[in-house]
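J.: upload-v4.txt is reproduced in full below (compact mmCIF, C-alpha atoms and all ligand atoms).
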# COMPACT_ATOMS: atom_id res chain seq x y z
CA MET A 112 6.32 -33.52 -9.92
CA THR A 113 5.07 -33.80 -12.37
CA PRO A 114 3.17 -32.73 -13.20
CA ASN A 115 2.69 -35.70 -15.32
CA ALA A 116 -0.20 -37.97 -15.85
CA PRO A 117 -0.03 -41.65 -15.22
CA GLU A 118 -0.75 -43.80 -18.22
CA LEU A 119 -3.24 -45.53 -15.94
CA THR A 120 -5.75 -42.81 -16.51
CA GLN A 121 -8.32 -44.99 -18.21
CA ARG A 122 -8.59 -47.13 -15.12
CA TRP A 123 -7.85 -44.65 -12.40
CA PRO A 124 -8.89 -41.02 -12.05
CA ALA A 125 -6.80 -38.77 -14.21
CA PRO A 126 -5.21 -35.66 -12.80
CA ARG A 127 -5.52 -32.44 -14.72
CA GLU A 128 -1.83 -32.00 -14.26
CA ILE A 129 0.48 -33.91 -12.08
CA PRO A 130 2.04 -31.99 -9.29
CA VAL A 131 5.15 -33.75 -8.27
CA ASP A 132 6.33 -31.98 -5.24
CA LEU A 133 4.96 -30.84 -1.95
CA ARG A 134 7.15 -27.84 -1.47
CA ARG A 135 5.79 -24.39 -1.08
CA GLY A 136 6.56 -21.99 -3.89
CA THR A 137 6.99 -18.25 -3.85
CA HIS A 138 4.50 -17.11 -6.48
CA ARG A 139 2.71 -14.67 -4.24
CA ASP A 140 1.29 -11.98 -6.45
CA SER A 141 -1.17 -14.14 -8.32
CA ILE A 142 -4.08 -12.69 -6.38
CA LEU A 143 -4.28 -9.77 -8.71
CA ARG A 144 -4.31 -11.92 -11.77
CA ILE A 145 -6.86 -14.41 -10.58
CA LEU A 146 -9.25 -11.74 -9.38
CA ASP A 147 -8.83 -9.58 -12.42
CA VAL A 148 -9.86 -12.46 -14.57
CA LEU A 149 -12.71 -13.40 -12.30
CA VAL A 150 -14.37 -10.04 -12.19
CA SER A 151 -14.71 -9.58 -15.88
CA THR A 152 -14.53 -11.76 -18.91
CA GLN A 153 -13.48 -8.60 -20.71
CA VAL A 154 -10.17 -8.65 -18.94
CA LYS A 155 -7.55 -10.15 -21.10
CA TRP A 156 -5.34 -12.77 -19.57
CA ALA A 157 -1.72 -11.98 -20.02
CA VAL A 158 -0.70 -14.87 -22.20
CA LEU A 159 2.81 -14.69 -23.46
CA ILE A 160 3.09 -15.93 -26.99
CA HIS A 161 6.81 -15.78 -27.54
CA ARG A 162 7.94 -19.32 -28.14
CA ASP A 163 11.58 -18.59 -27.57
CA LYS A 164 11.47 -16.27 -24.61
CA PRO A 165 10.11 -16.66 -21.12
CA PRO A 166 7.43 -14.15 -20.16
CA LYS A 167 9.08 -10.76 -19.82
CA ASN A 168 6.57 -9.43 -17.34
CA ARG A 169 7.24 -12.27 -14.95
CA THR A 170 10.99 -12.09 -14.72
CA ASP A 171 10.70 -11.39 -11.03
CA GLU A 172 8.99 -14.69 -10.53
CA TYR A 173 11.46 -17.16 -11.90
CA LYS A 174 15.00 -17.60 -10.91
CA THR A 175 16.85 -18.21 -14.11
CA THR A 176 16.41 -18.90 -17.78
CA LEU A 177 17.58 -22.16 -19.26
CA THR A 178 17.67 -23.41 -22.81
CA VAL A 179 16.13 -26.62 -24.14
CA SER A 180 19.16 -28.51 -25.43
CA GLU A 181 17.63 -31.87 -26.27
CA ARG A 182 14.26 -33.57 -26.66
CA THR A 183 13.83 -37.34 -26.71
CA THR A 184 10.79 -39.57 -26.86
CA VAL A 185 11.15 -42.02 -23.99
CA ALA A 186 8.04 -44.23 -24.19
CA SER A 187 6.97 -46.45 -27.06
CA ASP A 188 3.57 -44.79 -27.27
CA ASN A 189 5.41 -41.52 -28.17
CA ASP A 190 3.51 -39.61 -25.50
CA VAL A 191 6.37 -39.01 -23.08
CA VAL A 192 9.06 -36.53 -23.98
CA SER A 193 12.31 -36.12 -22.09
CA ILE A 194 13.73 -32.61 -22.14
CA GLU A 195 17.20 -31.50 -21.20
CA LEU A 196 17.81 -27.96 -20.00
CA ARG A 197 21.15 -26.16 -19.86
CA ALA A 198 22.41 -22.72 -18.98
CA PRO A 199 22.72 -20.58 -22.12
CA ASP A 200 26.43 -20.08 -21.40
CA GLY A 201 27.00 -23.72 -20.51
CA SER A 202 27.84 -22.97 -16.89
CA ASP A 203 27.19 -25.34 -14.00
CA LEU A 204 23.67 -25.57 -12.65
CA GLU A 205 22.65 -25.69 -9.00
CA ARG A 206 23.17 -28.99 -7.26
CA TRP A 207 20.16 -31.18 -6.58
CA HIS A 208 19.35 -34.47 -4.88
CA PRO A 209 17.07 -37.31 -5.98
CA GLY A 210 13.41 -36.44 -5.56
CA ALA A 211 13.89 -32.76 -6.46
CA HIS A 212 11.73 -30.91 -8.96
CA LEU A 213 11.85 -27.77 -11.06
CA ASP A 214 9.15 -25.14 -11.47
CA LEU A 215 8.86 -24.39 -15.17
CA TYR A 216 7.42 -21.04 -16.24
CA LEU A 217 5.87 -21.99 -19.56
CA PRO A 218 5.44 -19.51 -22.43
CA SER A 219 1.72 -19.09 -21.71
CA GLY A 220 2.40 -18.08 -18.12
CA ARG A 221 1.47 -21.48 -16.70
CA ILE A 222 3.71 -22.76 -13.94
CA ARG A 223 4.21 -26.48 -13.64
CA GLN A 224 6.40 -28.69 -11.47
CA TYR A 225 8.37 -31.56 -12.96
CA SER A 226 10.62 -34.04 -11.21
CA LEU A 227 14.25 -34.10 -12.19
CA CYS A 228 15.01 -37.50 -13.65
CA GLY A 229 18.61 -37.09 -14.85
CA ASP A 230 21.91 -37.59 -13.12
CA PRO A 231 22.55 -35.31 -10.12
CA ALA A 232 26.27 -35.63 -10.83
CA ASP A 233 25.83 -33.91 -14.20
CA ARG A 234 26.03 -30.23 -13.24
CA ARG A 235 25.62 -29.07 -16.85
CA CYS A 236 22.14 -30.43 -17.43
CA TYR A 237 18.71 -30.85 -15.86
CA ARG A 238 16.45 -33.51 -17.32
CA ILE A 239 12.68 -33.74 -16.94
CA ALA A 240 10.13 -35.99 -18.63
CA VAL A 241 6.52 -35.12 -19.34
CA ARG A 242 3.61 -37.28 -20.38
CA ARG A 243 1.14 -35.57 -22.66
CA ILE A 244 -2.31 -35.25 -21.08
CA PRO A 245 -4.61 -34.19 -23.89
CA ASP A 246 -7.47 -33.22 -21.57
CA GLY A 247 -5.30 -31.93 -18.73
CA GLY A 248 -4.66 -28.37 -17.69
CA GLY A 249 -2.62 -27.57 -20.80
CA GLY A 250 0.85 -27.63 -19.28
CA SER A 251 1.89 -30.98 -20.71
CA ASN A 252 0.63 -30.06 -24.18
CA GLU A 253 2.63 -26.88 -23.97
CA VAL A 254 5.80 -28.71 -23.01
CA HIS A 255 5.28 -31.11 -25.89
CA ASP A 256 4.32 -28.52 -28.48
CA GLU A 257 5.89 -25.21 -27.45
CA LEU A 258 9.36 -26.05 -26.17
CA PRO A 259 11.51 -26.98 -29.18
CA VAL A 260 15.26 -27.38 -28.95
CA GLY A 261 16.71 -23.89 -28.50
CA ALA A 262 13.67 -22.51 -26.67
CA ALA A 263 14.29 -20.51 -23.50
CA VAL A 264 12.27 -21.31 -20.42
CA GLY A 265 12.07 -19.67 -17.00
CA VAL A 266 12.94 -21.98 -14.15
CA ARG A 267 12.80 -21.91 -10.37
CA GLY A 268 14.47 -24.55 -8.25
CA PRO A 269 15.51 -27.27 -7.88
CA ARG A 270 13.61 -27.87 -4.66
CA ASN A 271 12.97 -31.11 -2.87
CA ALA A 272 10.21 -32.42 -0.63
CA PHE A 273 10.55 -36.06 -1.65
CA GLY A 274 14.09 -36.49 -0.52
CA PHE A 275 15.87 -39.79 -0.71
CA VAL A 276 17.82 -41.04 2.30
CA GLU A 277 21.24 -39.52 2.53
CA PRO A 278 23.96 -41.13 4.59
CA GLY A 279 24.46 -39.34 7.86
CA ARG A 280 21.30 -37.28 7.57
CA THR A 281 18.58 -39.79 8.26
CA LYS A 282 18.40 -43.27 9.57
CA ARG A 283 19.72 -45.34 6.73
CA ALA A 284 17.22 -47.93 5.61
CA LYS A 285 18.53 -51.45 5.31
CA ARG A 286 16.68 -52.03 2.07
CA VAL A 287 14.74 -49.78 -0.25
CA HIS A 288 11.70 -50.73 -2.29
CA PHE A 289 10.66 -48.40 -5.06
CA VAL A 290 7.19 -48.44 -6.58
CA ALA A 291 6.47 -46.30 -9.63
CA GLY A 292 3.28 -45.84 -11.62
CA GLY A 293 4.01 -44.79 -15.20
CA ILE A 294 5.48 -41.30 -15.36
CA GLY A 295 5.91 -41.60 -11.58
CA ILE A 296 9.21 -43.21 -12.48
CA THR A 297 10.74 -39.75 -12.95
CA PRO A 298 11.71 -39.00 -9.33
CA ILE A 299 12.48 -42.67 -8.75
CA LEU A 300 15.14 -42.94 -11.49
CA PRO A 301 17.73 -40.75 -9.74
CA MET A 302 16.91 -42.48 -6.44
CA ILE A 303 17.77 -45.81 -8.03
CA ARG A 304 21.09 -44.41 -9.19
CA GLU A 305 21.73 -43.14 -5.69
CA ALA A 306 20.78 -46.49 -4.16
CA GLU A 307 23.26 -48.15 -6.49
CA ARG A 308 25.95 -45.65 -5.58
CA MET A 309 25.29 -46.21 -1.88
CA GLY A 310 25.39 -49.97 -2.32
CA LEU A 311 21.88 -50.41 -0.97
CA ASP A 312 19.80 -53.50 -1.49
CA TRP A 313 16.93 -52.18 -3.59
CA SER A 314 14.07 -53.32 -5.80
CA LEU A 315 11.57 -51.62 -8.08
CA VAL A 316 8.01 -52.51 -9.01
CA TYR A 317 7.05 -50.49 -12.07
CA VAL A 318 3.38 -50.57 -13.03
CA GLY A 319 1.36 -49.20 -15.89
CA ARG A 320 -1.35 -49.96 -18.37
CA GLU A 321 0.86 -51.40 -21.09
CA ARG A 322 4.59 -51.68 -21.63
CA ARG A 323 4.51 -49.19 -24.46
CA THR A 324 3.27 -46.53 -22.03
CA LEU A 325 6.15 -46.98 -19.58
CA PRO A 326 8.95 -44.43 -20.01
CA PHE A 327 12.65 -45.20 -19.52
CA LEU A 328 12.40 -48.99 -19.81
CA ALA A 329 15.74 -49.04 -21.64
CA GLU A 330 17.46 -47.23 -18.76
CA LEU A 331 16.12 -49.78 -16.30
CA SER A 332 17.05 -52.88 -18.25
CA PRO A 333 20.65 -53.08 -16.92
CA PHE A 334 19.30 -53.65 -13.42
CA GLY A 335 17.92 -57.08 -14.32
CA ASP A 336 15.73 -58.78 -11.77
CA ARG A 337 15.88 -55.90 -9.31
CA VAL A 338 13.17 -54.43 -11.54
CA THR A 339 9.69 -55.96 -11.85
CA ILE A 340 7.56 -54.64 -14.69
CA ARG A 341 3.88 -55.21 -14.09
CA THR A 342 1.34 -54.04 -16.62
CA ASP A 343 -2.44 -54.16 -16.40
CA ASP A 344 -2.89 -55.68 -19.84
CA GLU A 345 -0.81 -58.68 -18.78
CA TYR A 346 -1.78 -59.12 -15.13
CA GLY A 347 -4.85 -56.99 -14.43
CA LEU A 348 -5.01 -54.16 -11.93
CA PRO A 349 -2.42 -54.58 -9.17
CA THR A 350 -3.23 -55.38 -5.56
CA ALA A 351 -1.20 -54.28 -2.54
CA THR A 352 0.48 -57.68 -2.60
CA ASP A 353 1.54 -57.09 -6.19
CA LEU A 354 3.07 -53.73 -5.34
CA LEU A 355 4.92 -54.62 -2.15
CA PRO A 356 7.61 -57.29 -2.17
CA PRO A 357 6.70 -60.20 0.13
CA ASN A 358 9.97 -59.78 2.00
CA VAL A 359 9.35 -56.21 3.19
CA ARG A 360 10.27 -56.02 6.84
CA SER A 361 10.99 -53.61 9.67
CA GLY A 362 13.81 -51.22 8.81
CA ASP A 363 12.98 -51.16 5.10
CA ALA A 364 11.94 -48.01 3.28
CA ILE A 365 9.40 -47.68 0.49
CA TYR A 366 9.56 -44.80 -1.98
CA CYS A 367 6.56 -44.56 -4.26
CA CYS A 368 5.27 -42.14 -6.85
CA GLY A 369 2.17 -42.57 -8.96
CA PRO A 370 -1.58 -42.21 -9.03
CA VAL A 371 -3.57 -42.00 -5.83
CA PRO A 372 -5.14 -45.50 -5.96
CA MET A 373 -1.67 -47.01 -6.24
CA MET A 374 -0.42 -44.96 -3.34
CA ASP A 375 -3.46 -45.90 -1.24
CA LEU A 376 -2.78 -49.57 -1.85
CA ILE A 377 0.82 -49.19 -0.78
CA THR A 378 -0.04 -47.20 2.30
CA ALA A 379 -2.68 -49.71 3.33
CA GLY A 380 -0.32 -52.61 2.69
CA ALA A 381 2.54 -51.03 4.62
CA ARG A 382 0.25 -50.41 7.58
CA ASN A 383 0.57 -54.09 8.45
CA GLN A 384 4.35 -53.86 8.35
CA PRO A 385 5.58 -52.14 11.53
CA GLY A 386 8.87 -50.34 11.22
CA VAL A 387 8.58 -49.77 7.47
CA GLU A 388 9.06 -46.17 6.30
CA VAL A 389 6.81 -45.03 3.47
CA HIS A 390 7.80 -41.99 1.41
CA ALA A 391 5.28 -41.00 -1.21
CA GLU A 392 4.69 -38.41 -3.84
CA ARG A 393 1.34 -38.36 -5.52
CA PHE A 394 0.07 -36.96 -8.75
CA SER A 395 -3.36 -35.62 -8.12
CA ALA A 396 -5.07 -32.74 -6.39
CA THR A 397 -5.71 -33.04 -2.69
CA PRO A 398 -9.17 -34.62 -2.25
CA VAL A 399 -11.88 -32.77 -0.35
CA VAL A 400 -12.52 -34.32 3.06
CA ASP A 401 -15.53 -33.39 5.19
CA GLY A 402 -16.44 -30.55 2.88
CA ARG A 403 -19.48 -28.31 3.32
CA PRO A 404 -20.88 -26.06 0.61
CA PHE A 405 -20.15 -22.35 0.75
CA ARG A 406 -20.04 -19.34 -1.50
CA ILE A 407 -17.36 -16.98 -2.71
CA GLN A 408 -18.38 -13.42 -3.38
CA LEU A 409 -16.21 -11.10 -5.44
CA ALA A 410 -16.06 -7.77 -3.63
CA ARG A 411 -15.97 -5.49 -6.64
CA THR A 412 -18.70 -7.01 -8.77
CA GLY A 413 -20.75 -8.84 -6.18
CA GLN A 414 -20.65 -11.96 -8.31
CA VAL A 415 -21.26 -15.09 -6.22
CA ILE A 416 -19.68 -18.46 -6.95
CA ASP A 417 -21.11 -21.58 -5.34
CA VAL A 418 -18.66 -24.14 -4.02
CA ALA A 419 -20.16 -27.63 -3.61
CA ALA A 420 -19.40 -29.86 -0.63
CA ASP A 421 -17.24 -32.19 -2.70
CA GLN A 422 -15.64 -29.49 -4.81
CA THR A 423 -12.57 -27.36 -4.20
CA ALA A 424 -12.94 -23.60 -4.25
CA LEU A 425 -10.43 -23.58 -7.08
CA ASP A 426 -12.58 -25.93 -9.17
CA ALA A 427 -15.60 -23.71 -8.56
CA VAL A 428 -13.62 -20.69 -9.71
CA LEU A 429 -12.27 -22.56 -12.74
CA ARG A 430 -15.81 -23.39 -13.74
CA VAL A 431 -16.51 -19.66 -13.98
CA ASN A 432 -13.12 -18.78 -15.34
CA PRO A 433 -11.11 -21.63 -16.90
CA LYS A 434 -8.03 -19.40 -17.07
CA ALA A 435 -7.76 -18.80 -13.34
CA PRO A 436 -4.15 -19.50 -12.34
CA TYR A 437 -3.18 -22.59 -10.42
CA SER A 438 -0.34 -25.03 -10.40
CA CYS A 439 0.21 -27.67 -7.71
CA ARG A 440 -3.42 -28.09 -6.54
CA GLN A 441 -2.02 -29.30 -3.24
CA GLY A 442 -1.59 -26.07 -1.32
CA PHE A 443 2.13 -25.50 -1.59
CA CYS A 444 2.92 -23.33 -4.60
CA GLY A 445 0.80 -20.28 -3.78
CA THR A 446 -0.34 -19.71 -7.37
CA CYS A 447 -4.05 -19.80 -6.48
CA MET A 448 -3.81 -17.47 -3.49
CA VAL A 449 -6.54 -14.88 -2.94
CA HIS A 450 -7.21 -12.23 -0.29
CA VAL A 451 -10.31 -12.72 1.81
CA ILE A 452 -11.79 -9.58 3.36
CA ASP A 453 -14.83 -11.10 5.04
CA GLY A 454 -15.69 -14.55 6.33
CA ASP A 455 -13.96 -17.28 8.29
CA VAL A 456 -11.47 -19.25 6.22
CA ASP A 457 -10.98 -22.94 6.98
CA HIS A 458 -7.28 -23.09 6.18
CA ARG A 459 -6.25 -26.55 5.00
CA ASP A 460 -2.78 -25.81 3.67
CA ASN A 461 0.55 -26.23 5.38
CA SER A 462 2.11 -23.28 3.60
CA LEU A 463 0.69 -19.99 4.80
CA SER A 464 2.18 -18.53 7.95
CA PRO A 465 -0.04 -17.33 10.81
CA ALA A 466 0.73 -13.77 9.73
CA GLU A 467 -0.33 -14.47 6.14
CA ARG A 468 -3.53 -16.06 7.34
CA ALA A 469 -4.18 -13.09 9.58
CA GLU A 470 -3.79 -10.86 6.52
CA GLY A 471 -6.63 -12.78 4.87
CA LYS A 472 -4.61 -14.85 2.44
CA MET A 473 -6.21 -18.10 1.33
CA LEU A 474 -5.21 -20.91 -1.02
CA LEU A 475 -8.22 -21.77 -3.14
CA CYS A 476 -7.05 -25.25 -4.10
CA VAL A 477 -7.27 -26.73 -0.61
CA SER A 478 -8.86 -24.30 1.84
CA ARG A 479 -12.56 -23.86 2.46
CA SER A 480 -14.88 -21.75 4.60
CA ASN A 481 -16.28 -22.04 8.10
CA SER A 482 -18.82 -19.36 7.26
CA PRO A 483 -21.52 -19.53 4.58
CA CYS A 484 -19.73 -17.00 2.40
CA LEU A 485 -16.23 -15.62 1.87
CA THR A 486 -15.82 -12.20 0.34
CA VAL A 487 -12.73 -11.96 -1.78
CA LYS A 488 -10.93 -8.72 -2.50
CA THR A 489 -10.97 -7.72 -6.13
S1 LIG B 501 -1.26 -23.60 -3.73
FE1 LIG B 501 -0.65 -24.38 -5.67
S2 LIG B 501 -2.47 -24.27 -6.83
FE2 LIG B 501 -3.08 -23.70 -4.85
Please rewrite the model in this file as structure tokens.
Ligand code: FES

T.:
Amino acid sequence: MTPNAPELTQRWPAPREIPVDLRRGTHRDSILRILDVLVSTQVKWAVLIHRDKPPKNRTDEYKTTLTVSERTTVASDNDVVSIELRAPDGSDLERWHPGAHLDLYLPSGRIRQYSLCGDPADRRCYRIAVRRIPDGGGGSNEVHDELPVGAAVGVRGPRNAFGFVEPGRTKRAKRVHFVAGGIGITPILPMIREAERMGLDWSLVYVGRERRTLPFLAELSPFGDRVTIRTDDEYGLPTATDLLPPNVRSGDAIYCCGPVPMMDLITAGARNQPGVEVHAERFSATPVVDGRPFRIQLARTGQVIDVAADQTALDAVLRVNPKAPYSCRQGFCGTCMVHVIDGDVDHRDNSLSPAERAEGKMLLCVSRSNSPCLTVKT
């Protein structure tokens, strides 16, 4: 996931952070934090300031603590840092497969998802890469500025919802076409290694604003003409034809990761190609579709927050309280969950169980209201 921002942000809408995975998380007690902050600006947000220790009061929320063992700049514009994480005692880490991500519990308490971009065969090390997004949600700046070599960081995962074909588990595609937009190369890199290992016929189209903004070019250079680099400054904005090889045919698979406009082009282009599998992981928040305005009322204070038709409930809350917790913005991590005690929730996530919905739980980043107002427990 990551969240990472594409370097195409000047042309295409920029995400606040880049969620890189569509897997539900387990961060279920955030309701108290978000509502505490909402009801009073006097309430202090529990920001952990220890640079070298993960947040002590959240140890129940992350799985393990790893140590930053190496930092490397991996794009010529110096805005993408690759970070390696190891167990403090050097022991083996959990296995993972291409497309997996880690949840990082950053020193401030933010939780962000980042795709693993190293070698799955290396059990001693996880590698992620993060593009700095100066005007994002703060997670990328924190990774760049607050995680020096030797820092400890809480981690959950790896988990995978962007899985690459595995022999014997899914229908094996005859050929694989990868399309990556900027930092979207991170989940694709281990897939390429796997495709090589499996002896698949594969190709990559790697797009971005300029070459200097594209991370990991050196790692891709050994693959020669399997890789097509296409930058906007040289060729202009790409079309669907530019992104999809002309020889795509039934039985092929496309794996793509990048900004939404790129993904839309690929999806539209693949629609005319029957029998082609498309596997995608996008960067940005889930867009509002068929939204109607409603209000959120905080039970304890009575404060009312207006949610516009084209706005997520989370964005409305963030406008009132910029420190309200969130992470994926796509309805899978649970960080933004609140408890509704009155009103009819229009659930738009795929994460909450029927029982959780019956209890009044709601994910602010994607769900809306069927009634004019939702009252939220505080
Ligand atoms: S479910 Fe992740 S931010 Fe809402």

J.: Give the residue list for ligand LIG 501 (chain B) at 6 Å, counting all atoms listed in the file, as JSON, numbers by chain, sorted by chain and then by residue number.

T.: {"A": [437, 438, 439, 440, 441, 442, 443, 444, 445, 446, 447, 474, 475, 476]}

J.: Go through A:Arg304, A:Arg182, A:His288, A:Arg243 and flag the residue nearest Val316 (chain A), using all atoms listed in the file for the distances.

T.: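 With all atoms listed in the file as the atom set, the closest residue is A:His288.
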
J.: Give me, as a tab-separated table, each residue of region 218-330 of chain A that comes within 9 Å of region 341-359 of chain A, together with its shortest interatomic pair and the distance in Å at one decimal, counting only C-alpha atoms, with rows ordered by chain and rising residue number.

T.:
residue	atom	partner	partner_atom	distance
A:Arg286	CA	A:Val359	CA	8.5
A:His288	CA	A:Pro356	CA	7.7
A:Phe289	CA	A:Leu355	CA	9.0
A:Val290	CA	A:Leu354	CA	6.8
A:Ser314	CA	A:Pro356	CA	8.4
A:Val316	CA	A:Leu354	CA	6.3
A:Tyr317	CA	A:Arg341	CA	6.0
A:Val318	CA	A:Arg341	CA	4.8
A:Gly319	CA	A:Thr342	CA	4.9
A:Arg320	CA	A:Asp343	CA	4.8
A:Glu321	CA	A:Thr342	CA	5.2
A:Arg322	CA	A:Thr342	CA	6.4

J.: So how far away is CA of Ile222 (chain A) from CA of Pro433 (chain A), in Å?

T.: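 According to the coordinates, CA of Pro433 (chain A) and CA of Ile222 (chain A) are separated by 15.2 Å.
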
J.: Could you state the separation of CA of Leu331 (chain A) and CA of Thr183 (chain A) in Å, given to one decimal place?

T.: 16.4 Å

J.: Which residue gives the smallest distance to Leu258 (chain A) among A:Ile296, A:Leu215, A:Val276, A:Leu376, with only C-alpha atoms counted?

T.: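 So, comparing all the options, the nearest one is A:Leu215.
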